[in-house]
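Trainee: Structure provided below as structure tokens; questions to follow.
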Amino acid sequence: MRPNCCHVSIAFLLKFLNFLQAFVGVSILLYSIWMLNQWDHRAPQPPLPHFYLPRAFALHLNSINLPAPWFIFAFMGVGILVCCITFFGCIAAEMINGCCLCFYTLLVTVLLLLEAALVGFIAIDHHWQEDLPIDPTGQLESLRSFIEDNLDICQWVGIAVLVIQIIVQTC
């Protein structure tokens, strides 16, 4: 059965928005690979001391033995997650199948909910930076200072990414 014009135009729009979302995911991956390369080629530093809290306190992330470039690996994981969701979106747009589109919608919804939860946590907890484990690579502080220096551009990029994801969700 031949798809009608409406299905073809919605599929094109979905593919285009997936391209934009893939651009964001690949950009995150490339930046995390660059950060990992910079961390691998730096001069070795002595390990930071680990301070363990008593069990009476709530779980504190500094008490967990994370690998030194934990921030880089977490950033890379976000990029891989966005790329995988985009890949499923391209398959769903190409097949124009209800089951694939439903699964893709579920994945995008979960991604949006995770982003909303993170933004909500940061907005509610004004001391959220103290909850993060120590980053011996220094990349977290570098990214934070870059965002603070270019706050207007970063806000517009963040809004654009959210708008793209919401439009993809409504298609």
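Please note that chains go A, B, ... in the order of the structure tokens, that every chain numbers its residues from 1, and that ligands are numbered from 1 in the order shown.
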Using only C-alpha atoms, which protein or nucleic acid residues come within 9 Å of segment 30-34 of chain A? Drop anything in the same chain fewer than 6 positions from it, and give the result as number ranges by chain.

Mentor: A: 72-76, 79

Trainee: Near Gln165 of chain A, within 10 Å and counting only C-alpha atoms, which residues show up once chain neighbours fewer than 2 positions away are dropped, as JSON, numbers by chain?

Mentor: {"A": [17, 18, 20, 21, 108, 109, 111, 112, 159, 160, 161, 162, 163, 167, 168, 169, 170]}

Trainee: Restricting the output to all heavy atoms, write the selected residues as a compact mmCIF listing (two decimals), in the first residue's frame.

Mentor:
```
# COMPACT_ATOMS: atom_id res chain seq x y z
N LEU A 17 14.07 16.46 12.04
CA LEU A 17 14.26 16.72 13.46
C LEU A 17 15.20 15.70 14.10
O LEU A 17 15.97 16.04 15.00
CB LEU A 17 12.91 16.75 14.17
CG LEU A 17 12.00 17.92 13.78
CD1 LEU A 17 10.62 17.73 14.37
CD2 LEU A 17 12.60 19.23 14.18
N ASN A 18 15.16 14.46 13.62
CA ASN A 18 16.11 13.46 14.10
C ASN A 18 17.52 13.81 13.69
O ASN A 18 18.48 13.54 14.42
CB ASN A 18 15.74 12.07 13.57
CG ASN A 18 14.86 11.34 14.53
OD1 ASN A 18 15.07 11.40 15.73
ND2 ASN A 18 13.87 10.65 14.01
N LEU A 20 18.68 16.84 13.44
CA LEU A 20 19.12 17.86 14.39
C LEU A 20 19.46 17.26 15.75
O LEU A 20 20.45 17.63 16.38
CB LEU A 20 18.04 18.93 14.54
CG LEU A 20 17.75 19.78 13.30
CD1 LEU A 20 16.60 20.73 13.57
CD2 LEU A 20 18.98 20.53 12.85
N GLN A 21 18.64 16.30 16.18
CA GLN A 21 18.92 15.63 17.45
C GLN A 21 20.19 14.79 17.34
O GLN A 21 20.96 14.71 18.30
CB GLN A 21 17.73 14.78 17.85
CG GLN A 21 17.80 14.28 19.26
CD GLN A 21 16.50 13.65 19.71
OE1 GLN A 21 15.48 13.74 19.03
NE2 GLN A 21 16.53 13.01 20.85
N VAL A 108 11.74 8.88 23.68
CA VAL A 108 11.88 10.34 23.75
C VAL A 108 11.21 10.86 25.01
O VAL A 108 11.72 11.78 25.66
CB VAL A 108 11.32 10.99 22.47
CG1 VAL A 108 11.27 12.50 22.61
CG2 VAL A 108 12.16 10.63 21.27
N THR A 109 10.08 10.28 25.39
CA THR A 109 9.40 10.70 26.61
C THR A 109 10.26 10.44 27.84
O THR A 109 10.38 11.29 28.73
CB THR A 109 8.05 9.97 26.75
OG1 THR A 109 7.26 10.24 25.60
CG2 THR A 109 7.31 10.40 27.99
N LEU A 111 13.53 10.26 27.88
CA LEU A 111 14.64 11.22 27.82
C LEU A 111 14.19 12.60 28.30
O LEU A 111 14.90 13.25 29.09
CB LEU A 111 15.19 11.31 26.39
CG LEU A 111 16.36 12.26 26.18
CD1 LEU A 111 17.59 11.78 26.95
CD2 LEU A 111 16.69 12.39 24.71
N LEU A 112 13.02 13.04 27.86
CA LEU A 112 12.51 14.35 28.31
C LEU A 112 12.24 14.36 29.81
O LEU A 112 12.49 15.35 30.48
CB LEU A 112 11.25 14.71 27.53
CG LEU A 112 11.46 15.22 26.12
CD1 LEU A 112 10.13 15.35 25.40
CD2 LEU A 112 12.19 16.55 26.13
N ILE A 159 17.40 25.73 25.03
CA ILE A 159 15.99 25.89 24.64
C ILE A 159 15.75 25.28 23.28
O ILE A 159 14.73 24.60 23.06
CB ILE A 159 15.60 27.38 24.67
CG1 ILE A 159 15.56 27.87 26.12
CG2 ILE A 159 14.27 27.62 23.98
CD1 ILE A 159 15.42 29.37 26.26
N ALA A 160 16.68 25.48 22.33
CA ALA A 160 16.52 24.91 20.99
C ALA A 160 16.50 23.38 21.03
O ALA A 160 15.69 22.74 20.35
CB ALA A 160 17.64 25.40 20.07
N VAL A 161 17.37 22.79 21.84
CA VAL A 161 17.40 21.32 21.96
C VAL A 161 16.09 20.81 22.54
O VAL A 161 15.52 19.83 22.05
CB VAL A 161 18.62 20.88 22.81
CG1 VAL A 161 18.51 19.42 23.21
CG2 VAL A 161 19.91 21.12 22.05
N LEU A 162 15.59 21.47 23.58
CA LEU A 162 14.31 21.05 24.18
C LEU A 162 13.15 21.21 23.19
O LEU A 162 12.27 20.36 23.12
CB LEU A 162 14.04 21.83 25.45
CG LEU A 162 14.84 21.40 26.67
CD1 LEU A 162 14.55 22.30 27.86
CD2 LEU A 162 14.55 19.97 27.03
N VAL A 163 13.14 22.30 22.44
CA VAL A 163 12.08 22.51 21.46
C VAL A 163 12.12 21.43 20.40
O VAL A 163 11.07 20.88 20.01
CB VAL A 163 12.18 23.92 20.84
CG1 VAL A 163 11.33 24.06 19.60
CG2 VAL A 163 11.78 24.97 21.87
N ILE A 167 9.09 18.87 19.73
CA ILE A 167 8.46 18.76 18.41
C ILE A 167 8.53 17.33 17.91
O ILE A 167 7.58 16.81 17.33
CB ILE A 167 9.10 19.75 17.42
CG1 ILE A 167 8.74 21.19 17.80
CG2 ILE A 167 8.64 19.47 16.00
CD1 ILE A 167 9.45 22.23 16.98
N VAL A 168 9.68 16.67 18.12
CA VAL A 168 9.81 15.27 17.74
C VAL A 168 8.78 14.44 18.50
O VAL A 168 8.15 13.53 17.94
CB VAL A 168 11.23 14.74 18.00
CG1 VAL A 168 11.29 13.24 17.96
CG2 VAL A 168 12.20 15.33 16.98
N GLN A 169 8.58 14.77 19.75
CA GLN A 169 7.61 14.03 20.57
C GLN A 169 6.19 14.19 20.05
O GLN A 169 5.41 13.24 20.07
CB GLN A 169 7.70 14.54 22.02
CG GLN A 169 6.73 13.93 22.97
CD GLN A 169 7.04 12.49 23.27
OE1 GLN A 169 8.15 12.05 23.10
NE2 GLN A 169 6.04 11.77 23.68
N THR A 170 5.84 15.37 19.55
CA THR A 170 4.48 15.61 19.11
C THR A 170 4.22 15.10 17.69
O THR A 170 3.06 14.98 17.30
CB THR A 170 4.12 17.10 19.17
OG1 THR A 170 5.04 17.84 18.36
CG2 THR A 170 4.16 17.59 20.61
```

Trainee: Measuring between only C-alpha atoms, which one of A:Val24, A:Ala117, A:Cys154, A:Cys102 shows the shortest distance to Val78 of chain A?

Mentor: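 Among the listed residues, the smallest separation from Val78 of chain A belongs to A:Val24.
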
Trainee: Just the number, please: distance in Å from atom CA of Ala22 of chain A to atom CA of Phe88 of chain A, one decimal.

Mentor: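 The value is 11.0 Å.
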